[in-house]
Amino acid sequence: AEGLFDRAMAVGFDAANETILILGGWDNKRQLRTFKDFVVELQQSDLSISGQIYGFGQFYTQLNDTLWMIESGGQSFIRFNTESREIDEPTITIQIDVNIYGCLASSVSANGKEYLFVVGGPSTSGSFKTLQIYDITSGQWMSSPPPPTL
């Protein structure tokens, strides 16, 4: 299909429906494409959101049915429910703006608390060496450890 793939896209998985979800991209920052059986394209639609979805590096991560993404401005998170296909406007502000260059990872602790880790971003001297930790369970930013010295 023409224009099937873009660059700087986020990928998620809907386990309940065994469907791959591909969101955003450089050329169409609000697109949603769904695939089933890893071959057949089911649909393409535009997401109803003011933010834009694209980034360089690993700007997205998935916890259960929620695909978390760094909004292209690098200042907030976008949440997308992979099962219901509902998307939230960016409301959680990232402490230090990471632009389109921040990386995002997630983790669940042994006691069930969920965390997001935001690493890097641009600076005038190259890139940030910062780690920002967001406690999803409490809705609070945590104090980060000091950056490593190289």
# chains A, B, ... in the order shown; residues from 1 in each chain; ligands from 1
$ residues_around --residues "stretch 15-17 of chain A" --least-positions-apart "5" --cutoff "10 Å" --atoms "only C-alpha atoms" --output "PDB file with all heavy atoms, in the first residue's frame"
ATOM      1  N   LYS A  36      -3.556  -7.167  11.603  1.00  0.00           N
ATOM      2  CA  LYS A  36      -3.840  -8.430  12.257  1.00  0.00           C
ATOM      3  C   LYS A  36      -3.162  -9.530  11.456  1.00  0.00           C
ATOM      4  O   LYS A  36      -3.037  -9.440  10.246  1.00  0.00           O
ATOM      5  CB  LYS A  36      -5.340  -8.665  12.340  1.00  0.00           C
ATOM      6  CG  LYS A  36      -5.716  -9.806  13.252  1.00  0.00           C
ATOM      7  CD  LYS A  36      -7.197  -9.785  13.534  1.00  0.00           C
ATOM      8  CE  LYS A  36      -7.591 -10.917  14.431  1.00  0.00           C
ATOM      9  NZ  LYS A  36      -7.392 -10.621  15.830  1.00  0.00           N
ATOM     10  N   ASN A  64       1.023  -3.000  29.843  1.00  0.00           N
ATOM     11  CA  ASN A  64      -0.292  -3.630  29.703  1.00  0.00           C
ATOM     12  C   ASN A  64      -0.988  -3.109  28.453  1.00  0.00           C
ATOM     13  O   ASN A  64      -0.454  -3.224  27.368  1.00  0.00           O
ATOM     14  CB  ASN A  64      -1.119  -3.430  30.977  1.00  0.00           C
ATOM     15  CG  ASN A  64      -0.415  -3.994  32.192  1.00  0.00           C
ATOM     16  OD1 ASN A  64       0.090  -5.113  32.151  1.00  0.00           O
ATOM     17  ND2 ASN A  64      -0.350  -3.224  33.265  1.00  0.00           N
ATOM     18  N   ASP A  65      -2.167  -2.500  28.604  1.00  0.00           N
ATOM     19  CA  ASP A  65      -2.928  -1.996  27.461  1.00  0.00           C
ATOM     20  C   ASP A  65      -2.663  -0.523  27.161  1.00  0.00           C
ATOM     21  O   ASP A  65      -3.375   0.080  26.367  1.00  0.00           O
ATOM     22  CB  ASP A  65      -4.431  -2.182  27.689  1.00  0.00           C
ATOM     23  CG  ASP A  65      -4.828  -3.647  27.708  1.00  0.00           C
ATOM     24  OD1 ASP A  65      -4.113  -4.456  27.090  1.00  0.00           O
ATOM     25  OD2 ASP A  65      -5.839  -3.980  28.342  1.00  0.00           O
ATOM     26  N   THR A  82      -4.500   0.568  23.910  1.00  0.00           N
ATOM     27  CA  THR A  82      -4.396  -0.281  22.734  1.00  0.00           C
ATOM     28  C   THR A  82      -5.653  -1.110  22.484  1.00  0.00           C
ATOM     29  O   THR A  82      -5.915  -1.498  21.355  1.00  0.00           O
ATOM     30  CB  THR A  82      -3.193  -1.235  22.839  1.00  0.00           C
ATOM     31  OG1 THR A  82      -3.327  -2.045  24.009  1.00  0.00           O
ATOM     32  CG2 THR A  82      -1.892  -0.450  22.881  1.00  0.00           C
ATOM     33  N   GLU A  83      -6.438  -1.360  23.518  1.00  0.00           N
ATOM     34  CA  GLU A  83      -7.644  -2.171  23.336  1.00  0.00           C
ATOM     35  C   GLU A  83      -8.846  -1.326  22.920  1.00  0.00           C
ATOM     36  O   GLU A  83      -9.541  -1.640  21.959  1.00  0.00           O
ATOM     37  CB  GLU A  83      -7.960  -2.944  24.624  1.00  0.00           C
ATOM     38  CG  GLU A  83      -8.984  -4.025  24.411  1.00  0.00           C
ATOM     39  CD  GLU A  83      -9.104  -4.942  25.617  1.00  0.00           C
ATOM     40  OE1 GLU A  83      -8.134  -5.079  26.397  1.00  0.00           O
ATOM     41  OE2 GLU A  83     -10.177  -5.521  25.765  1.00  0.00           O
TER      42      GLU A  83
END
$ select_by_dssp --residues "stretch 68-135 of chain A" --states "strand (DSSP E or B)" --output "mmCIF file with all heavy atoms, in the first residue's frame"
data_model
loop_
_atom_site.group_PDB
_atom_site.id
_atom_site.type_symbol
_atom_site.label_atom_id
_atom_site.label_comp_id
_atom_site.auth_asym_id
_atom_site.auth_seq_id
_atom_site.Cartn_x
_atom_site.Cartn_y
_atom_site.Cartn_z
ATOM 1 N N TRP A 68 2.505 4.414 26.076
ATOM 2 C CA TRP A 68 2.940 5.739 26.521
ATOM 3 C C TRP A 68 3.892 6.291 25.474
ATOM 4 O O TRP A 68 4.775 5.576 24.999
ATOM 5 C CB TRP A 68 3.664 5.645 27.857
ATOM 6 C CG TRP A 68 2.786 5.307 29.010
ATOM 7 C CD1 TRP A 68 2.399 4.065 29.428
ATOM 8 C CD2 TRP A 68 2.184 6.231 29.905
ATOM 9 N NE1 TRP A 68 1.599 4.159 30.522
ATOM 10 C CE2 TRP A 68 1.450 5.483 30.847
ATOM 11 C CE3 TRP A 68 2.185 7.622 30.009
ATOM 12 C CZ2 TRP A 68 0.734 6.072 31.875
ATOM 13 C CZ3 TRP A 68 1.472 8.212 31.036
ATOM 14 C CH2 TRP A 68 0.754 7.448 31.957
ATOM 15 N N MET A 69 3.736 7.578 25.128
ATOM 16 C CA MET A 69 4.608 8.212 24.143
ATOM 17 C C MET A 69 5.006 9.602 24.628
ATOM 18 O O MET A 69 4.230 10.272 25.308
ATOM 19 C CB MET A 69 3.879 8.335 22.801
ATOM 20 C CG MET A 69 3.515 6.995 22.190
ATOM 21 S SD MET A 69 2.261 7.125 20.899
ATOM 22 C CE MET A 69 0.770 7.257 21.891
ATOM 23 N N ILE A 70 6.196 10.033 24.245
ATOM 24 C CA ILE A 70 6.597 11.419 24.480
ATOM 25 C C ILE A 70 6.036 12.220 23.319
ATOM 26 O O ILE A 70 6.318 11.927 22.159
ATOM 27 C CB ILE A 70 8.129 11.566 24.546
ATOM 28 C CG1 ILE A 70 8.689 10.755 25.708
ATOM 29 C CG2 ILE A 70 8.515 13.039 24.660
ATOM 30 C CD1 ILE A 70 10.214 10.712 25.760
ATOM 31 N N SER A 76 5.509 16.577 27.216
ATOM 32 C CA SER A 76 4.442 15.858 27.903
ATOM 33 C C SER A 76 4.285 14.446 27.353
ATOM 34 O O SER A 76 4.855 14.094 26.319
ATOM 35 C CB SER A 76 3.120 16.629 27.781
ATOM 36 O OG SER A 76 2.804 16.837 26.421
ATOM 37 N N PHE A 77 3.499 13.631 28.066
ATOM 38 C CA PHE A 77 3.197 12.269 27.648
ATOM 39 C C PHE A 77 1.848 12.212 26.949
ATOM 40 O O PHE A 77 0.923 12.948 27.296
ATOM 41 C CB PHE A 77 3.107 11.327 28.857
ATOM 42 C CG PHE A 77 4.393 11.126 29.590
ATOM 43 C CD1 PHE A 77 4.490 11.457 30.926
ATOM 44 C CD2 PHE A 77 5.508 10.588 28.966
ATOM 45 C CE1 PHE A 77 5.654 11.252 31.627
ATOM 46 C CE2 PHE A 77 6.694 10.382 29.654
ATOM 47 C CZ PHE A 77 6.759 10.715 30.989
ATOM 48 N N ILE A 78 1.733 11.319 25.996
ATOM 49 C CA ILE A 78 0.454 10.959 25.382
ATOM 50 C C ILE A 78 0.188 9.513 25.781
ATOM 51 O O ILE A 78 1.093 8.681 25.737
ATOM 52 C CB ILE A 78 0.507 11.063 23.840
ATOM 53 C CG1 ILE A 78 0.730 12.516 23.409
ATOM 54 C CG2 ILE A 78 -0.761 10.498 23.212
ATOM 55 C CD1 ILE A 78 0.941 12.668 21.911
ATOM 56 N N ARG A 79 -1.053 9.213 26.194
ATOM 57 C CA ARG A 79 -1.434 7.834 26.527
ATOM 58 C C ARG A 79 -2.432 7.327 25.497
ATOM 59 O O ARG A 79 -3.379 8.033 25.145
ATOM 60 C CB ARG A 79 -2.090 7.767 27.903
ATOM 61 C CG ARG A 79 -1.138 8.011 29.039
ATOM 62 C CD ARG A 79 -1.861 7.924 30.333
ATOM 63 N NE ARG A 79 -2.850 8.998 30.395
ATOM 64 C CZ ARG A 79 -3.309 9.531 31.508
ATOM 65 N NH1 ARG A 79 -2.910 9.079 32.660
ATOM 66 N NH2 ARG A 79 -4.182 10.494 31.482
ATOM 67 N N PHE A 80 -2.221 6.097 25.044
ATOM 68 C CA PHE A 80 -3.118 5.472 24.072
ATOM 69 C C PHE A 80 -3.491 4.085 24.581
ATOM 70 O O PHE A 80 -2.611 3.266 24.856
ATOM 71 C CB PHE A 80 -2.429 5.367 22.714
ATOM 72 C CG PHE A 80 -3.264 4.723 21.647
ATOM 73 C CD1 PHE A 80 -4.301 5.413 21.041
ATOM 74 C CD2 PHE A 80 -3.010 3.424 21.243
ATOM 75 C CE1 PHE A 80 -5.075 4.825 20.057
ATOM 76 C CE2 PHE A 80 -3.771 2.824 20.249
ATOM 77 C CZ PHE A 80 -4.813 3.529 19.665
ATOM 78 N N ASN A 81 -4.792 3.827 24.735
ATOM 79 C CA ASN A 81 -5.257 2.523 25.162
ATOM 80 C C ASN A 81 -5.319 1.619 23.939
ATOM 81 O O ASN A 81 -6.098 1.864 23.018
ATOM 82 C CB ASN A 81 -6.619 2.618 25.843
ATOM 83 C CG ASN A 81 -7.067 1.286 26.402
ATOM 84 O OD1 ASN A 81 -7.266 0.327 25.666
ATOM 85 N ND2 ASN A 81 -7.204 1.234 27.714
ATOM 86 N N ILE A 87 -7.379 7.750 23.051
ATOM 87 C CA ILE A 87 -6.133 8.490 23.227
ATOM 88 C C ILE A 87 -6.404 9.696 24.106
ATOM 89 O O ILE A 87 -7.470 10.310 24.024
ATOM 90 C CB ILE A 87 -5.529 8.890 21.860
ATOM 91 C CG1 ILE A 87 -4.088 9.378 22.023
ATOM 92 C CG2 ILE A 87 -6.393 9.903 21.140
ATOM 93 C CD1 ILE A 87 -3.289 9.330 20.743
ATOM 94 N N ASP A 88 -5.470 9.998 24.993
ATOM 95 C CA ASP A 88 -5.611 11.140 25.893
ATOM 96 C C ASP A 88 -4.772 12.300 25.396
ATOM 97 O O ASP A 88 -3.651 12.107 24.924
ATOM 98 C CB ASP A 88 -5.136 10.788 27.309
ATOM 99 C CG ASP A 88 -6.003 9.749 27.975
ATOM 100 O OD1 ASP A 88 -7.185 9.638 27.616
ATOM 101 O OD2 ASP A 88 -5.495 9.039 28.860
ATOM 102 N N GLU A 89 -5.321 13.487 25.531
ATOM 103 C CA GLU A 89 -4.540 14.693 25.254
ATOM 104 C C GLU A 89 -3.363 14.741 26.229
ATOM 105 O O GLU A 89 -3.472 14.261 27.360
ATOM 106 C CB GLU A 89 -5.403 15.949 25.426
ATOM 107 C CG GLU A 89 -6.417 16.147 24.341
ATOM 108 C CD GLU A 89 -5.808 16.518 22.997
ATOM 109 O OE1 GLU A 89 -4.698 17.074 22.961
ATOM 110 O OE2 GLU A 89 -6.448 16.225 21.987
ATOM 111 N N PRO A 90 -2.244 15.319 25.812
ATOM 112 C CA PRO A 90 -1.087 15.421 26.714
ATOM 113 C C PRO A 90 -1.415 16.268 27.941
ATOM 114 O O PRO A 90 -1.769 17.431 27.810
ATOM 115 C CB PRO A 90 -0.022 16.107 25.856
ATOM 116 C CG PRO A 90 -0.467 15.927 24.443
ATOM 117 C CD PRO A 90 -1.963 15.830 24.489
ATOM 118 N N THR A 91 -1.380 15.658 29.118
ATOM 119 C CA THR A 91 -1.664 16.400 30.346
ATOM 120 C C THR A 91 -0.569 16.258 31.395
ATOM 121 O O THR A 91 -0.477 17.067 32.291
ATOM 122 C CB THR A 91 -2.998 15.944 30.981
ATOM 123 O OG1 THR A 91 -2.942 14.534 31.210
ATOM 124 C CG2 THR A 91 -4.180 16.264 30.082
ATOM 125 N N ILE A 92 0.256 15.233 31.287
ATOM 126 C CA ILE A 92 1.341 15.033 32.245
ATOM 127 C C ILE A 92 2.590 15.677 31.668
ATOM 128 O O ILE A 92 3.107 15.252 30.640
ATOM 129 C CB ILE A 92 1.575 13.537 32.520
ATOM 130 C CG1 ILE A 92 0.295 12.895 33.059
ATOM 131 C CG2 ILE A 92 2.736 13.358 33.488
ATOM 132 C CD1 ILE A 92 0.357 11.384 33.107
ATOM 133 N N THR A 93 3.047 16.732 32.324
ATOM 134 C CA THR A 93 4.198 17.498 31.848
ATOM 135 C C THR A 93 5.503 16.828 32.267
ATOM 136 O O THR A 93 5.667 16.436 33.421
ATOM 137 C CB THR A 93 4.147 18.934 32.397
ATOM 138 O OG1 THR A 93 2.919 19.523 31.985
ATOM 139 C CG2 THR A 93 5.304 19.769 31.889
ATOM 140 N N CYS A 103 14.285 9.441 25.182
ATOM 141 C CA CYS A 103 13.934 8.019 25.129
ATOM 142 C C CYS A 103 13.073 7.681 26.329
ATOM 143 O O CYS A 103 13.222 8.265 27.402
ATOM 144 C CB CYS A 103 15.191 7.164 25.138
ATOM 145 S SG CYS A 103 16.152 7.322 23.621
ATOM 146 N N LEU A 104 12.166 6.719 26.146
ATOM 147 C CA LEU A 104 11.196 6.367 27.176
ATOM 148 C C LEU A 104 11.244 4.864 27.429
ATOM 149 O O LEU A 104 11.278 4.071 26.487
ATOM 150 C CB LEU A 104 9.795 6.787 26.713
ATOM 151 C CG LEU A 104 8.637 6.654 27.686
ATOM 152 C CD1 LEU A 104 8.863 7.510 28.930
ATOM 153 C CD2 LEU A 104 7.336 7.064 27.004
ATOM 154 N N ALA A 105 11.252 4.482 28.706
ATOM 155 C CA ALA A 105 11.196 3.079 29.102
ATOM 156 C C ALA A 105 10.220 2.964 30.269
ATOM 157 O O ALA A 105 9.877 3.970 30.907
ATOM 158 C CB ALA A 105 12.580 2.581 29.505
ATOM 159 N N SER A 106 9.771 1.749 30.546
ATOM 160 C CA SER A 106 8.818 1.544 31.642
ATOM 161 C C SER A 106 9.194 0.318 32.444
ATOM 162 O O SER A 106 9.943 -0.549 31.975
ATOM 163 C CB SER A 106 7.410 1.381 31.078
ATOM 164 O OG SER A 106 7.354 0.299 30.160
ATOM 165 N N SER A 107 8.645 0.253 33.656
ATOM 166 C CA SER A 107 8.919 -0.880 34.527
ATOM 167 C C SER A 107 7.786 -1.018 35.535
ATOM 168 O O SER A 107 7.134 -0.033 35.893
ATOM 169 C CB SER A 107 10.241 -0.660 35.262
ATOM 170 O OG SER A 107 10.508 -1.728 36.141
ATOM 171 N N VAL A 108 7.575 -2.242 35.990
ATOM 172 C CA VAL A 108 6.626 -2.521 37.064
ATOM 173 C C VAL A 108 7.424 -3.156 38.191
ATOM 174 O O VAL A 108 8.145 -4.138 37.978
ATOM 175 C CB VAL A 108 5.498 -3.470 36.599
ATOM 176 C CG1 VAL A 108 4.545 -3.770 37.747
ATOM 177 C CG2 VAL A 108 4.753 -2.889 35.411
ATOM 178 N N GLU A 114 3.978 1.153 38.926
ATOM 179 C CA GLU A 114 4.421 1.343 37.552
ATOM 180 C C GLU A 114 5.203 2.644 37.424
ATOM 181 O O GLU A 114 4.821 3.659 37.996
ATOM 182 C CB GLU A 114 3.226 1.364 36.602
ATOM 183 C CG GLU A 114 2.453 0.063 36.592
ATOM 184 C CD GLU A 114 1.237 0.104 35.689
ATOM 185 O OE1 GLU A 114 0.659 1.192 35.480
ATOM 186 O OE2 GLU A 114 0.858 -0.971 35.187
ATOM 187 N N TYR A 115 6.291 2.605 36.636
ATOM 188 C CA TYR A 115 7.168 3.751 36.469
ATOM 189 C C TYR A 115 7.474 3.993 34.988
ATOM 190 O O TYR A 115 7.545 3.058 34.200
ATOM 191 C CB TYR A 115 8.501 3.524 37.192
ATOM 192 C CG TYR A 115 8.353 3.310 38.672
ATOM 193 C CD1 TYR A 115 8.292 2.032 39.208
ATOM 194 C CD2 TYR A 115 8.281 4.402 39.537
ATOM 195 C CE1 TYR A 115 8.159 1.833 40.567
ATOM 196 C CE2 TYR A 115 8.150 4.218 40.910
ATOM 197 C CZ TYR A 115 8.084 2.933 41.423
ATOM 198 O OH TYR A 115 7.945 2.744 42.769
ATOM 199 N N LEU A 116 7.695 5.273 34.658
ATOM 200 C CA LEU A 116 8.217 5.661 33.350
ATOM 201 C C LEU A 116 9.577 6.299 33.570
ATOM 202 O O LEU A 116 9.768 7.059 34.524
ATOM 203 C CB LEU A 116 7.299 6.669 32.663
ATOM 204 C CG LEU A 116 5.922 6.178 32.250
ATOM 205 C CD1 LEU A 116 5.099 7.327 31.676
ATOM 206 C CD2 LEU A 116 6.031 5.054 31.245
ATOM 207 N N PHE A 117 10.514 6.014 32.676
ATOM 208 C CA PHE A 117 11.855 6.566 32.748
ATOM 209 C C PHE A 117 12.118 7.356 31.473
ATOM 210 O O PHE A 117 12.046 6.802 30.378
ATOM 211 C CB PHE A 117 12.895 5.449 32.886
ATOM 212 C CG PHE A 117 12.668 4.567 34.078
ATOM 213 C CD1 PHE A 117 11.874 3.428 33.979
ATOM 214 C CD2 PHE A 117 13.230 4.886 35.297
ATOM 215 C CE1 PHE A 117 11.658 2.617 35.074
ATOM 216 C CE2 PHE A 117 13.018 4.083 36.414
ATOM 217 C CZ PHE A 117 12.226 2.945 36.301
ATOM 218 N N VAL A 118 12.394 8.644 31.624
ATOM 219 C CA VAL A 118 12.697 9.513 30.486
ATOM 220 C C VAL A 118 14.183 9.809 30.536
ATOM 221 O O VAL A 118 14.690 10.311 31.541
ATOM 222 C CB VAL A 118 11.889 10.836 30.552
ATOM 223 C CG1 VAL A 118 12.207 11.713 29.352
ATOM 224 C CG2 VAL A 118 10.397 10.551 30.639
ATOM 225 N N VAL A 119 14.864 9.501 29.439
ATOM 226 C CA VAL A 119 16.317 9.644 29.402
ATOM 227 C C VAL A 119 16.706 10.543 28.241
ATOM 228 O O VAL A 119 16.148 10.453 27.148
ATOM 229 C CB VAL A 119 16.999 8.268 29.225
ATOM 230 C CG1 VAL A 119 18.509 8.407 29.201
ATOM 231 C CG2 VAL A 119 16.552 7.311 30.306
ATOM 232 N N PRO A 122 17.930 16.992 23.957
ATOM 233 C CA PRO A 122 18.948 17.864 23.372
ATOM 234 C C PRO A 122 19.458 18.916 24.360
ATOM 235 O O PRO A 122 18.780 19.267 25.312
ATOM 236 C CB PRO A 122 18.188 18.547 22.240
ATOM 237 C CG PRO A 122 16.802 18.664 22.782
ATOM 238 C CD PRO A 122 16.581 17.410 23.589
ATOM 239 N N SER A 123 20.635 19.385 24.106
ATOM 240 C CA SER A 123 21.161 20.549 24.829
ATOM 241 C C SER A 123 22.119 21.273 23.897
ATOM 242 O O SER A 123 22.469 20.766 22.837
ATOM 243 C CB SER A 123 21.875 20.123 26.121
ATOM 244 O OG SER A 123 23.138 19.581 25.835
ATOM 245 N N GLY A 126 25.187 19.156 23.066
ATOM 246 C CA GLY A 126 25.037 17.807 22.516
ATOM 247 C C GLY A 126 23.771 17.140 22.987
ATOM 248 O O GLY A 126 22.766 17.129 22.302
ATOM 249 N N SER A 127 23.800 16.574 24.197
ATOM 250 C CA SER A 127 22.612 15.925 24.726
ATOM 251 C C SER A 127 22.625 15.945 26.245
ATOM 252 O O SER A 127 23.671 16.065 26.869
ATOM 253 C CB SER A 127 22.509 14.495 24.219
ATOM 254 O OG SER A 127 23.622 13.748 24.676
ATOM 255 N N LEU A 131 18.074 11.633 33.839
ATOM 256 C CA LEU A 131 17.109 10.562 34.019
ATOM 257 C C LEU A 131 15.948 11.151 34.811
ATOM 258 O O LEU A 131 16.142 11.645 35.915
ATOM 259 C CB LEU A 131 17.726 9.382 34.772
ATOM 260 C CG LEU A 131 16.748 8.308 35.240
ATOM 261 C CD1 LEU A 131 16.082 7.631 34.049
ATOM 262 C CD2 LEU A 131 17.455 7.288 36.123
ATOM 263 N N GLN A 132 14.767 11.124 34.241
ATOM 264 C CA GLN A 132 13.565 11.592 34.917
ATOM 265 C C GLN A 132 12.677 10.375 35.165
ATOM 266 O O GLN A 132 12.461 9.576 34.256
ATOM 267 C CB GLN A 132 12.826 12.611 34.059
ATOM 268 C CG GLN A 132 13.685 13.825 33.699
ATOM 269 C CD GLN A 132 12.965 14.762 32.756
ATOM 270 O OE1 GLN A 132 11.995 15.412 33.127
ATOM 271 N NE2 GLN A 132 13.426 14.825 31.522
ATOM 272 N N ILE A 133 12.185 10.225 36.396
ATOM 273 C CA ILE A 133 11.390 9.052 36.756
ATOM 274 C C ILE A 133 9.990 9.509 37.174
ATOM 275 O O ILE A 133 9.843 10.308 38.094
ATOM 276 C CB ILE A 133 12.046 8.266 37.904
ATOM 277 C CG1 ILE A 133 13.472 7.866 37.529
ATOM 278 C CG2 ILE A 133 11.199 7.035 38.252
ATOM 279 C CD1 ILE A 133 14.274 7.286 38.677
ATOM 280 N N TYR A 134 8.982 8.986 36.482
ATOM 281 C CA TYR A 134 7.588 9.307 36.795
ATOM 282 C C TYR A 134 6.918 8.075 37.390
ATOM 283 O O TYR A 134 6.909 7.002 36.787
ATOM 284 C CB TYR A 134 6.845 9.753 35.531
ATOM 285 C CG TYR A 134 5.427 10.174 35.798
ATOM 286 C CD1 TYR A 134 5.160 11.365 36.457
ATOM 287 C CD2 TYR A 134 4.358 9.375 35.401
ATOM 288 C CE1 TYR A 134 3.858 11.762 36.708
ATOM 289 C CE2 TYR A 134 3.055 9.765 35.646
ATOM 290 C CZ TYR A 134 2.809 10.956 36.301
ATOM 291 O OH TYR A 134 1.514 11.346 36.559
ATOM 292 N N ASP A 135 6.375 8.231 38.594
ATOM 293 C CA ASP A 135 5.647 7.164 39.266
ATOM 294 C C ASP A 135 4.195 7.224 38.783
ATOM 295 O O ASP A 135 3.428 8.098 39.195
ATOM 296 C CB ASP A 135 5.735 7.367 40.778
ATOM 297 C CG ASP A 135 5.032 6.286 41.582
ATOM 298 O OD1 ASP A 135 4.134 5.609 41.046
ATOM 299 O OD2 ASP A 135 5.372 6.137 42.766
#
$ closest_residue --among "A:Asn28, A:Gln140, A:Asn99, A:Thr19" --to "A:Gly73" --atoms "only C-alpha atoms"
A:Asn99
$ atom_distance --atom1 "atom CA of A:Arg7" --atom2 "atom CA of A:Glu86"
22.7 Å
